[in-house]
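What's in start_22.pdb: PDB, C-alpha atoms
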```pdb
ATOM      1  CA  MET T   1      22.260 -48.812 -35.701  1.00  0.00           C
ATOM      2  CA  GLY T   2      25.437 -49.154 -33.764  1.00  0.00           C
ATOM      3  CA  GLU T   3      25.284 -45.701 -32.247  1.00  0.00           C
ATOM      4  CA  ALA T   4      25.576 -45.568 -28.453  1.00  0.00           C
ATOM      5  CA  MET T   5      22.332 -44.732 -26.749  1.00  0.00           C
ATOM      6  CA  SER T   6      22.499 -41.882 -24.285  1.00  0.00           C
ATOM      7  CA  PRO T   7      19.796 -41.343 -21.669  1.00  0.00           C
ATOM      8  CA  TYR T   8      17.325 -38.612 -22.461  1.00  0.00           C
ATOM      9  CA  HIS T   9      17.687 -35.470 -20.375  1.00  0.00           C
ATOM     10  CA  ARG T  10      14.602 -33.317 -20.239  1.00  0.00           C
ATOM     11  CA  PRO T  11      15.734 -29.759 -20.953  1.00  0.00           C
ATOM     12  CA  MET T  12      15.324 -27.502 -17.932  1.00  0.00           C
ATOM     13  CA  ALA T  13      15.515 -23.704 -17.827  1.00  0.00           C
ATOM     14  CA  THR T  14      18.150 -22.190 -15.531  1.00  0.00           C
ATOM     15  CA  THR T  15      15.363 -20.201 -13.883  1.00  0.00           C
ATOM     16  CA  TRP T  16      13.407 -23.302 -12.706  1.00  0.00           C
ATOM     17  CA  TRP T  17      13.845 -22.225  -9.073  1.00  0.00           C
ATOM     18  CA  LEU T  18      11.896 -19.005  -9.719  1.00  0.00           C
ATOM     19  CA  THR T  19       8.759 -20.903 -10.711  1.00  0.00           C
ATOM     20  CA  ASN T  20       7.645 -21.946  -7.245  1.00  0.00           C
ATOM     21  CA  ARG T  21       7.978 -20.584  -3.701  1.00  0.00           C
ATOM     22  CA  ALA T  22       9.375 -23.837  -2.274  1.00  0.00           C
ATOM     23  CA  TYR T  23      12.024 -24.072  -5.015  1.00  0.00           C
ATOM     24  CA  PHE T  24      12.916 -20.429  -4.442  1.00  0.00           C
ATOM     25  CA  LEU T  25      13.371 -20.893  -0.682  1.00  0.00           C
ATOM     26  CA  PHE T  26      15.443 -24.010  -1.389  1.00  0.00           C
ATOM     27  CA  MET T  27      17.791 -21.988  -3.593  1.00  0.00           C
ATOM     28  CA  VAL T  28      17.980 -19.160  -1.043  1.00  0.00           C
ATOM     29  CA  ARG T  29      18.912 -21.712   1.620  1.00  0.00           C
ATOM     30  CA  GLU T  30      21.646 -23.165  -0.575  1.00  0.00           C
ATOM     31  CA  LEU T  31      23.028 -19.703  -1.333  1.00  0.00           C
ATOM     32  CA  THR T  32      23.221 -18.659   2.342  1.00  0.00           C
ATOM     33  CA  SER T  33      26.482 -20.633   2.349  1.00  0.00           C
ATOM     34  CA  VAL T  34      27.962 -18.049  -0.065  1.00  0.00           C
ATOM     35  CA  PHE T  35      27.272 -15.220   2.396  1.00  0.00           C
ATOM     36  CA  ILE T  36      28.611 -17.250   5.316  1.00  0.00           C
ATOM     37  CA  ALA T  37      31.827 -18.027   3.414  1.00  0.00           C
ATOM     38  CA  ALA T  38      32.150 -14.350   2.372  1.00  0.00           C
ATOM     39  CA  TYR T  39      31.870 -13.272   6.015  1.00  0.00           C
ATOM     40  CA  LEU T  40      34.513 -15.789   7.095  1.00  0.00           C
ATOM     41  CA  ILE T  41      36.914 -14.456   4.435  1.00  0.00           C
ATOM     42  CA  LEU T  42      36.361 -10.891   5.749  1.00  0.00           C
ATOM     43  CA  PHE T  43      36.928 -12.185   9.282  1.00  0.00           C
ATOM     44  CA  LEU T  44      40.100 -14.009   8.213  1.00  0.00           C
ATOM     45  CA  LEU T  45      41.258 -10.705   6.690  1.00  0.00           C
ATOM     46  CA  MET T  46      40.729  -9.078  10.093  1.00  0.00           C
ATOM     47  CA  LEU T  47      42.965 -11.708  11.704  1.00  0.00           C
ATOM     48  CA  TYR T  48      45.542 -11.165   8.946  1.00  0.00           C
ATOM     49  CA  LYS T  49      45.545  -7.388   9.583  1.00  0.00           C
ATOM     50  CA  LEU T  50      45.858  -8.102  13.284  1.00  0.00           C
ATOM     51  CA  ALA T  51      48.986 -10.165  12.562  1.00  0.00           C
ATOM     52  CA  MET T  52      50.362  -7.309  10.411  1.00  0.00           C
ATOM     53  CA  GLY T  53      50.231  -4.794  13.227  1.00  0.00           C
ATOM     54  CA  ARG T  54      48.254  -2.147  15.008  1.00  0.00           C
ATOM     55  CA  GLU T  55      47.979   0.341  12.135  1.00  0.00           C
ATOM     56  CA  ALA T  56      46.748  -2.251   9.632  1.00  0.00           C
ATOM     57  CA  TYR T  57      44.213  -3.588  12.152  1.00  0.00           C
ATOM     58  CA  GLU T  58      42.838  -0.159  13.040  1.00  0.00           C
ATOM     59  CA  ALA T  59      42.601   0.829   9.367  1.00  0.00           C
ATOM     60  CA  TYR T  60      40.624  -2.365   8.719  1.00  0.00           C
ATOM     61  CA  LEU T  61      38.250  -1.661  11.625  1.00  0.00           C
ATOM     62  CA  HIS T  62      37.729   1.804  10.143  1.00  0.00           C
ATOM     63  CA  PHE T  63      36.969   0.215   6.752  1.00  0.00           C
ATOM     64  CA  LEU T  64      34.463  -2.172   8.362  1.00  0.00           C
ATOM     65  CA  ALA T  65      32.735   0.779  10.041  1.00  0.00           C
ATOM     66  CA  SER T  66      31.890   2.388   6.670  1.00  0.00           C
ATOM     67  CA  PRO T  67      28.134   2.394   5.942  1.00  0.00           C
ATOM     68  CA  GLY T  68      28.517   0.110   2.918  1.00  0.00           C
ATOM     69  CA  MET T  69      30.336  -2.571   4.913  1.00  0.00           C
ATOM     70  CA  VAL T  70      27.796  -2.365   7.735  1.00  0.00           C
ATOM     71  CA  VAL T  71      25.002  -2.952   5.197  1.00  0.00           C
ATOM     72  CA  VAL T  72      26.968  -5.899   3.760  1.00  0.00           C
ATOM     73  CA  HIS T  73      27.255  -7.387   7.250  1.00  0.00           C
ATOM     74  CA  VAL T  74      23.546  -6.912   7.950  1.00  0.00           C
ATOM     75  CA  VAL T  75      22.760  -8.820   4.716  1.00  0.00           C
ATOM     76  CA  MET T  76      25.250 -11.570   5.654  1.00  0.00           C
ATOM     77  CA  LEU T  77      23.657 -11.747   9.120  1.00  0.00           C
ATOM     78  CA  ALA T  78      20.198 -12.233   7.574  1.00  0.00           C
ATOM     79  CA  ALA T  79      21.574 -15.049   5.400  1.00  0.00           C
ATOM     80  CA  ALA T  80      23.358 -16.661   8.368  1.00  0.00           C
ATOM     81  CA  LEU T  81      20.170 -16.546  10.468  1.00  0.00           C
ATOM     82  CA  PHE T  82      18.212 -18.145   7.620  1.00  0.00           C
ATOM     83  CA  HIS T  83      20.797 -20.924   7.542  1.00  0.00           C
ATOM     84  CA  THR T  84      20.554 -21.369  11.329  1.00  0.00           C
ATOM     85  CA  VAL T  85      16.750 -21.579  11.325  1.00  0.00           C
ATOM     86  CA  THR T  86      16.515 -23.950   8.346  1.00  0.00           C
ATOM     87  CA  TRP T  87      19.330 -26.126   9.736  1.00  0.00           C
ATOM     88  CA  PHE T  88      17.860 -26.389  13.228  1.00  0.00           C
ATOM     89  CA  ASN T  89      14.361 -27.111  11.948  1.00  0.00           C
ATOM     90  CA  LEU T  90      15.743 -30.117  10.063  1.00  0.00           C
ATOM     91  CA  THR T  91      17.572 -31.631  13.066  1.00  0.00           C
ATOM     92  CA  PRO T  92      14.703 -33.938  14.145  1.00  0.00           C
ATOM     93  CA  MET T  93      14.745 -35.447  10.643  1.00  0.00           C
ATOM     94  CA  ALA T  94      18.486 -36.059  10.733  1.00  0.00           C
ATOM     95  CA  MET T  95      18.708 -37.249  14.306  1.00  0.00           C
ATOM     96  CA  ARG T  96      16.324 -39.165  16.514  1.00  0.00           C
ATOM     97  CA  VAL T  97      16.971 -38.495  20.193  1.00  0.00           C
ATOM     98  CA  ARG T  98      16.057 -41.352  22.509  1.00  0.00           C
ATOM     99  CA  PHE T  99      15.292 -41.113  26.192  1.00  0.00           C
ATOM    100  CA  GLY T 100      14.997 -44.605  27.586  1.00  0.00           C
ATOM    101  CA  GLU T 101      12.310 -46.440  25.653  1.00  0.00           C
ATOM    102  CA  ARG T 102      10.765 -43.379  24.076  1.00  0.00           C
ATOM    103  CA  SER T 103      12.077 -40.957  21.503  1.00  0.00           C
ATOM    104  CA  VAL T 104      12.064 -37.285  22.401  1.00  0.00           C
ATOM    105  CA  PRO T 105       9.349 -35.308  20.532  1.00  0.00           C
ATOM    106  CA  PRO T 106      10.774 -33.323  17.573  1.00  0.00           C
ATOM    107  CA  LEU T 107       9.572 -30.023  19.027  1.00  0.00           C
ATOM    108  CA  ILE T 108      11.695 -30.555  22.141  1.00  0.00           C
ATOM    109  CA  VAL T 109      14.745 -31.506  20.060  1.00  0.00           C
ATOM    110  CA  VAL T 110      14.389 -28.300  18.025  1.00  0.00           C
ATOM    111  CA  GLY T 111      13.770 -26.261  21.180  1.00  0.00           C
ATOM    112  CA  GLY T 112      16.902 -27.721  22.753  1.00  0.00           C
ATOM    113  CA  THR T 113      19.001 -26.773  19.723  1.00  0.00           C
ATOM    114  CA  TYR T 114      17.750 -23.189  19.861  1.00  0.00           C
ATOM    115  CA  ALA T 115      18.478 -23.011  23.599  1.00  0.00           C
ATOM    116  CA  ALA T 116      22.014 -24.316  22.997  1.00  0.00           C
ATOM    117  CA  TRP T 117      22.467 -21.778  20.189  1.00  0.00           C
ATOM    118  CA  ILE T 118      21.420 -18.869  22.441  1.00  0.00           C
ATOM    119  CA  ALA T 119      23.694 -20.130  25.229  1.00  0.00           C
ATOM    120  CA  ALA T 120      26.658 -20.432  22.828  1.00  0.00           C
ATOM    121  CA  SER T 121      26.013 -16.923  21.463  1.00  0.00           C
ATOM    122  CA  ILE T 122      25.869 -15.421  24.964  1.00  0.00           C
ATOM    123  CA  ALA T 123      29.047 -17.296  25.953  1.00  0.00           C
ATOM    124  CA  MET T 124      30.916 -16.034  22.869  1.00  0.00           C
ATOM    125  CA  THR T 125      29.733 -12.451  23.457  1.00  0.00           C
ATOM    126  CA  SER T 126      30.878 -12.638  27.095  1.00  0.00           C
ATOM    127  CA  ILE T 127      34.337 -13.866  26.068  1.00  0.00           C
ATOM    128  CA  VAL T 128      34.755 -11.136  23.446  1.00  0.00           C
ATOM    129  CA  LEU T 129      33.542  -8.440  25.859  1.00  0.00           C
ATOM    130  CA  TRP T 130      35.034  -9.415  29.191  1.00  0.00           C
ATOM    131  CA  TRP T 131      37.864 -11.908  28.735  1.00  0.00           C
ATOM    132  CA  LYS T 132      41.050 -10.684  30.394  1.00  0.00           C
TER     133      LYS T 132
ATOM    134  CA  MET G   1      26.042 -38.915  -8.570  1.00  0.00           C
ATOM    135  CA  ALA G   2      27.112 -41.347  -5.859  1.00  0.00           C
ATOM    136  CA  ARG G   3      30.877 -41.365  -5.845  1.00  0.00           C
ATOM    137  CA  SER G   4      33.094 -43.363  -3.553  1.00  0.00           C
ATOM    138  CA  ASN G   5      34.466 -40.243  -1.810  1.00  0.00           C
ATOM    139  CA  ASP G   6      31.106 -38.491  -1.401  1.00  0.00           C
ATOM    140  CA  PRO G   7      30.526 -39.497   2.257  1.00  0.00           C
ATOM    141  CA  PHE G   8      33.779 -37.722   3.152  1.00  0.00           C
ATOM    142  CA  TRP G   9      32.666 -34.402   1.590  1.00  0.00           C
ATOM    143  CA  TRP G  10      29.159 -34.849   2.919  1.00  0.00           C
ATOM    144  CA  ALA G  11      30.476 -35.274   6.483  1.00  0.00           C
ATOM    145  CA  LEU G  12      32.521 -32.066   6.155  1.00  0.00           C
ATOM    146  CA  PHE G  13      29.398 -30.350   4.775  1.00  0.00           C
ATOM    147  CA  ALA G  14      27.301 -31.491   7.736  1.00  0.00           C
ATOM    148  CA  VAL G  15      29.830 -30.567  10.436  1.00  0.00           C
ATOM    149  CA  GLY G  16      30.470 -27.234   8.722  1.00  0.00           C
ATOM    150  CA  GLY G  17      26.720 -26.600   8.639  1.00  0.00           C
ATOM    151  CA  VAL G  18      26.463 -27.183  12.391  1.00  0.00           C
ATOM    152  CA  VAL G  19      29.422 -24.869  13.115  1.00  0.00           C
ATOM    153  CA  ALA G  20      27.954 -22.165  10.854  1.00  0.00           C
ATOM    154  CA  ALA G  21      24.457 -22.483  12.359  1.00  0.00           C
ATOM    155  CA  PHE G  22      25.671 -22.180  15.963  1.00  0.00           C
ATOM    156  CA  LEU G  23      28.510 -19.670  15.718  1.00  0.00           C
ATOM    157  CA  VAL G  24      28.486 -17.532  12.577  1.00  0.00           C
ATOM    158  CA  PRO G  25      25.532 -15.225  13.482  1.00  0.00           C
ATOM    159  CA  VAL G  26      27.054 -14.078  16.784  1.00  0.00           C
ATOM    160  CA  HIS G  27      30.437 -13.525  15.118  1.00  0.00           C
ATOM    161  CA  ILE G  28      28.866 -11.369  12.398  1.00  0.00           C
ATOM    162  CA  VAL G  29      27.164  -9.243  15.059  1.00  0.00           C
ATOM    163  CA  LEU G  30      30.364  -8.896  17.112  1.00  0.00           C
ATOM    164  CA  THR G  31      33.094  -8.392  14.484  1.00  0.00           C
ATOM    165  CA  GLY G  32      31.006  -7.009  11.624  1.00  0.00           C
ATOM    166  CA  ILE G  33      28.493  -4.701  13.274  1.00  0.00           C
ATOM    167  CA  ALA G  34      28.965  -3.995  17.014  1.00  0.00           C
ATOM    168  CA  GLY G  35      32.786  -3.961  17.029  1.00  0.00           C
ATOM    169  CA  PRO G  36      33.472  -1.631  14.079  1.00  0.00           C
ATOM    170  CA  ALA G  37      30.568   0.627  15.156  1.00  0.00           C
ATOM    171  CA  GLY G  38      32.333   1.198  18.472  1.00  0.00           C
ATOM    172  CA  TRP G  39      29.517  -0.151  20.662  1.00  0.00           C
ATOM    173  CA  LEU G  40      31.963  -2.456  22.442  1.00  0.00           C
ATOM    174  CA  ARG G  41      34.455   0.307  23.240  1.00  0.00           C
ATOM    175  CA  GLY G  42      37.707  -1.096  24.547  1.00  0.00           C
ATOM    176  CA  SER G  43      36.931  -4.724  23.700  1.00  0.00           C
ATOM    177  CA  PHE G  44      38.328  -4.311  20.176  1.00  0.00           C
ATOM    178  CA  GLU G  45      41.516  -2.549  21.291  1.00  0.00           C
ATOM    179  CA  TYR G  46      44.491  -3.950  19.337  1.00  0.00           C
ATOM    180  CA  HIS G  47      46.563  -5.469  22.175  1.00  0.00           C
ATOM    181  CA  ARG G  48      43.524  -6.985  23.854  1.00  0.00           C
ATOM    182  CA  VAL G  49      42.202  -8.659  20.673  1.00  0.00           C
ATOM    183  CA  LEU G  50      45.694  -9.864  19.772  1.00  0.00           C
ATOM    184  CA  ALA G  51      46.103 -11.469  23.204  1.00  0.00           C
ATOM    185  CA  LEU G  52      42.628 -13.053  23.006  1.00  0.00           C
ATOM    186  CA  VAL G  53      43.027 -14.622  19.557  1.00  0.00           C
ATOM    187  CA  SER G  54      46.660 -15.689  20.119  1.00  0.00           C
ATOM    188  CA  HIS G  55      45.690 -18.083  22.895  1.00  0.00           C
ATOM    189  CA  PRO G  56      46.195 -21.686  21.665  1.00  0.00           C
ATOM    190  CA  ILE G  57      42.573 -22.602  22.372  1.00  0.00           C
ATOM    191  CA  SER G  58      41.407 -19.504  20.457  1.00  0.00           C
ATOM    192  CA  ARG G  59      43.551 -20.431  17.463  1.00  0.00           C
ATOM    193  CA  LEU G  60      42.144 -23.950  17.394  1.00  0.00           C
ATOM    194  CA  TYR G  61      38.611 -22.557  17.758  1.00  0.00           C
ATOM    195  CA  LEU G  62      39.137 -20.022  14.953  1.00  0.00           C
ATOM    196  CA  PHE G  63      40.565 -22.720  12.678  1.00  0.00           C
ATOM    197  CA  VAL G  64      37.420 -24.829  13.146  1.00  0.00           C
ATOM    198  CA  LEU G  65      35.145 -21.772  12.872  1.00  0.00           C
ATOM    199  CA  ILE G  66      36.602 -20.653   9.528  1.00  0.00           C
ATOM    200  CA  SER G  67      37.630 -23.899   7.847  1.00  0.00           C
ATOM    201  CA  LEU G  68      34.622 -26.195   8.310  1.00  0.00           C
ATOM    202  CA  PRO G  69      31.945 -23.778   6.988  1.00  0.00           C
ATOM    203  CA  LEU G  70      34.139 -23.302   3.900  1.00  0.00           C
ATOM    204  CA  PHE G  71      33.632 -27.004   3.149  1.00  0.00           C
ATOM    205  CA  HIS G  72      29.940 -26.539   3.893  1.00  0.00           C
ATOM    206  CA  TRP G  73      29.922 -23.770   1.249  1.00  0.00           C
ATOM    207  CA  ALA G  74      31.901 -25.895  -1.230  1.00  0.00           C
ATOM    208  CA  HIS G  75      29.396 -28.748  -1.065  1.00  0.00           C
ATOM    209  CA  ARG G  76      26.287 -26.576  -1.324  1.00  0.00           C
ATOM    210  CA  PHE G  77      27.736 -24.337  -4.026  1.00  0.00           C
ATOM    211  CA  ARG G  78      28.860 -27.316  -6.071  1.00  0.00           C
ATOM    212  CA  PHE G  79      25.366 -28.773  -6.208  1.00  0.00           C
ATOM    213  CA  SER G  80      23.753 -25.347  -6.700  1.00  0.00           C
ATOM    214  CA  LEU G  81      25.867 -24.877  -9.818  1.00  0.00           C
ATOM    215  CA  VAL G  82      24.817 -28.308 -11.065  1.00  0.00           C
ATOM    216  CA  ASP G  83      21.168 -27.481 -10.257  1.00  0.00           C
ATOM    217  CA  LEU G  84      21.507 -24.245 -12.218  1.00  0.00           C
ATOM    218  CA  GLY G  85      22.589 -26.224 -15.239  1.00  0.00           C
ATOM    219  CA  VAL G  86      26.378 -25.973 -15.102  1.00  0.00           C
ATOM    220  CA  LYS G  87      27.756 -29.085 -16.755  1.00  0.00           C
ATOM    221  CA  GLY G  88      30.617 -31.078 -15.290  1.00  0.00           C
ATOM    222  CA  GLY G  89      29.314 -31.351 -11.740  1.00  0.00           C
ATOM    223  CA  ARG G  90      31.340 -34.448 -11.142  1.00  0.00           C
ATOM    224  CA  GLY G  91      34.583 -33.013 -12.428  1.00  0.00           C
ATOM    225  CA  LEU G  92      35.723 -29.434 -12.797  1.00  0.00           C
ATOM    226  CA  VAL G  93      33.014 -27.863 -10.608  1.00  0.00           C
ATOM    227  CA  ALA G  94      33.735 -30.255  -7.746  1.00  0.00           C
ATOM    228  CA  VAL G  95      37.493 -29.718  -7.980  1.00  0.00           C
ATOM    229  CA  ALA G  96      37.037 -25.918  -8.087  1.00  0.00           C
ATOM    230  CA  CYS G  97      34.684 -25.869  -5.081  1.00  0.00           C
ATOM    231  CA  TYR G  98      36.464 -28.286  -2.764  1.00  0.00           C
ATOM    232  CA  GLY G  99      39.828 -26.949  -3.970  1.00  0.00           C
ATOM    233  CA  SER G 100      38.816 -23.404  -2.933  1.00  0.00           C
ATOM    234  CA  ALA G 101      37.851 -24.680   0.512  1.00  0.00           C
ATOM    235  CA  ILE G 102      41.208 -26.444   0.831  1.00  0.00           C
ATOM    236  CA  VAL G 103      43.066 -23.261  -0.189  1.00  0.00           C
ATOM    237  CA  GLY G 104      40.998 -21.277   2.336  1.00  0.00           C
ATOM    238  CA  THR G 105      41.851 -23.793   5.052  1.00  0.00           C
ATOM    239  CA  ILE G 106      45.587 -23.518   4.296  1.00  0.00           C
ATOM    240  CA  LEU G 107      45.406 -19.693   4.329  1.00  0.00           C
ATOM    241  CA  THR G 108      43.563 -19.826   7.653  1.00  0.00           C
ATOM    242  CA  ALA G 109      46.262 -22.045   9.160  1.00  0.00           C
ATOM    243  CA  VAL G 110      48.999 -19.701   7.898  1.00  0.00           C
ATOM    244  CA  VAL G 111      47.307 -16.572   9.318  1.00  0.00           C
ATOM    245  CA  LEU G 112      46.622 -18.259  12.665  1.00  0.00           C
ATOM    246  CA  MET G 113      50.263 -19.350  12.938  1.00  0.00           C
ATOM    247  CA  LYS G 114      51.434 -15.784  12.279  1.00  0.00           C
ATOM    248  CA  LEU G 115      49.352 -14.338  15.113  1.00  0.00           C
TER     249      LEU G 115
END
```
Go ahead and express the file in the form of structure tokens.
Amino acid sequence: MGEAMSPYHRPMATTWWLTNRAYFLFMVRELTSVFIAAYLILFLLMLYKLAMGREAYEAYLHFLASPGMVVVHVVMLAAALFHTVTWFNLTPMAMRVRFGERSVPPLIVVGGTYAAWIAASIAMTSIVLWWK
Amino acid sequence: MARSNDPFWWALFAVGGVVAAFLVPVHIVLTGIAGPAGWLRGSFEYHRVLALVSHPISRLYLFVLISLPLFHWAHRFRFSLVDLGVKGGRGLVAVACYGSAIVGTILTAVVLMKL
């Protein structure tokens, strides 16, 4: 008697997320943020090299063109796309769009987000390619 | 789990998630694949890129693009570590994750000011 009671925690294996497809996809979704952050650090490094001067910038572009770095970027792109798809598909749950008396059907909300995403991607590509 | 400052970090997580969802894929394609591969010949020339990213609107855009998804990462990574059984989710892990995002934000501001 007299000892403080602590709530019971059921022991759980670190590999719990490998036991079920839904858990696994949940963990993959959470870990896409690691790849996105890694890309942004590499991109920040590009801006840093740009600030250092022409030689540093061109050497960095050369480094990025190596096969290993291209593969790394393809993997990061796959992770980023998985984040985009899972994020957009959840928007109707996070946000109810109203139009007058009625709420807009979830499918249209999701469709609108994808359309906006494609428009933003085309706009960004145009700026990078043709801005003067 | 519910802490008084959680809504603040959650809001940064949510806004960072939106920024990442809309903008990160196209940036990976442009600066990580198409640019270095030379498909966009001329567009990645040093003086041109420097002029493009030095514009005040570009700097503000790049600050938002880099900083907010770092907080998105911090929030997700923090809870992933807790889910994977790392103890101290409310203390050390949180400080390490959000602290890294804050450091990244400061570094981003410094680099963007040097451009």
For the provided coordinates, the residues matched by the ChimeraX specification (/T :<9) & /G should be stated as a ChimeraX atom specification.
/G:17-18,20-33,35-38,40,42-53,65-67,69-70,72-74,76-77,79-80,83-85,104,107-108,111-112,114-115
For CA of Val82 in chain G and CA of Ile106 in chain G, determine how far apart the two atoms are, in Å to one decimal place.
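Separation of CA of Val82 in chain G and CA of Ile106 in chain G: 26.3 Å.
Here CA of Ala101 in chain G stands at a distance of 5.5 Å from CA of Phe71 in chain G.
Taking CA of Thr105 in chain G and CA of Leu62 in chain G as endpoints, the distance between them is 10.9 Å.
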Restricting the calculation to only C-alpha atoms, which member of G:Gly16, G:Pro56, G:Pro7, G:Gly91 is positioned closest to Leu68 in chain G?
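Of all the options, G:Gly16 lies closest to Leu68 in chain G.
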Here is a test: counting only C-alpha atoms, which residue of G:Met113, G:Val64, G:Ala96, G:Leu81 is nearest to Val19 in chain G?
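Closest candidate: G:Val64.
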Hits of the PyMOL selection byres ((chain G and resi 9) around 10) in this structure, as a list in words
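Residues picked by the PyMOL selection byres ((chain G and resi 9) around 10): Asn5, Asp6, Pro7, Phe8, Trp10, Ala11, Leu12, Phe13, Ala14, Phe71, His72, Ala74, His75 and Tyr98 of chain G.
The smallest atom-to-atom distance between Val95 in chain G and any of G:Val15, G:Val110, G:Phe63, G:Arg78, using only C-alpha atoms, is found for G:Arg78.
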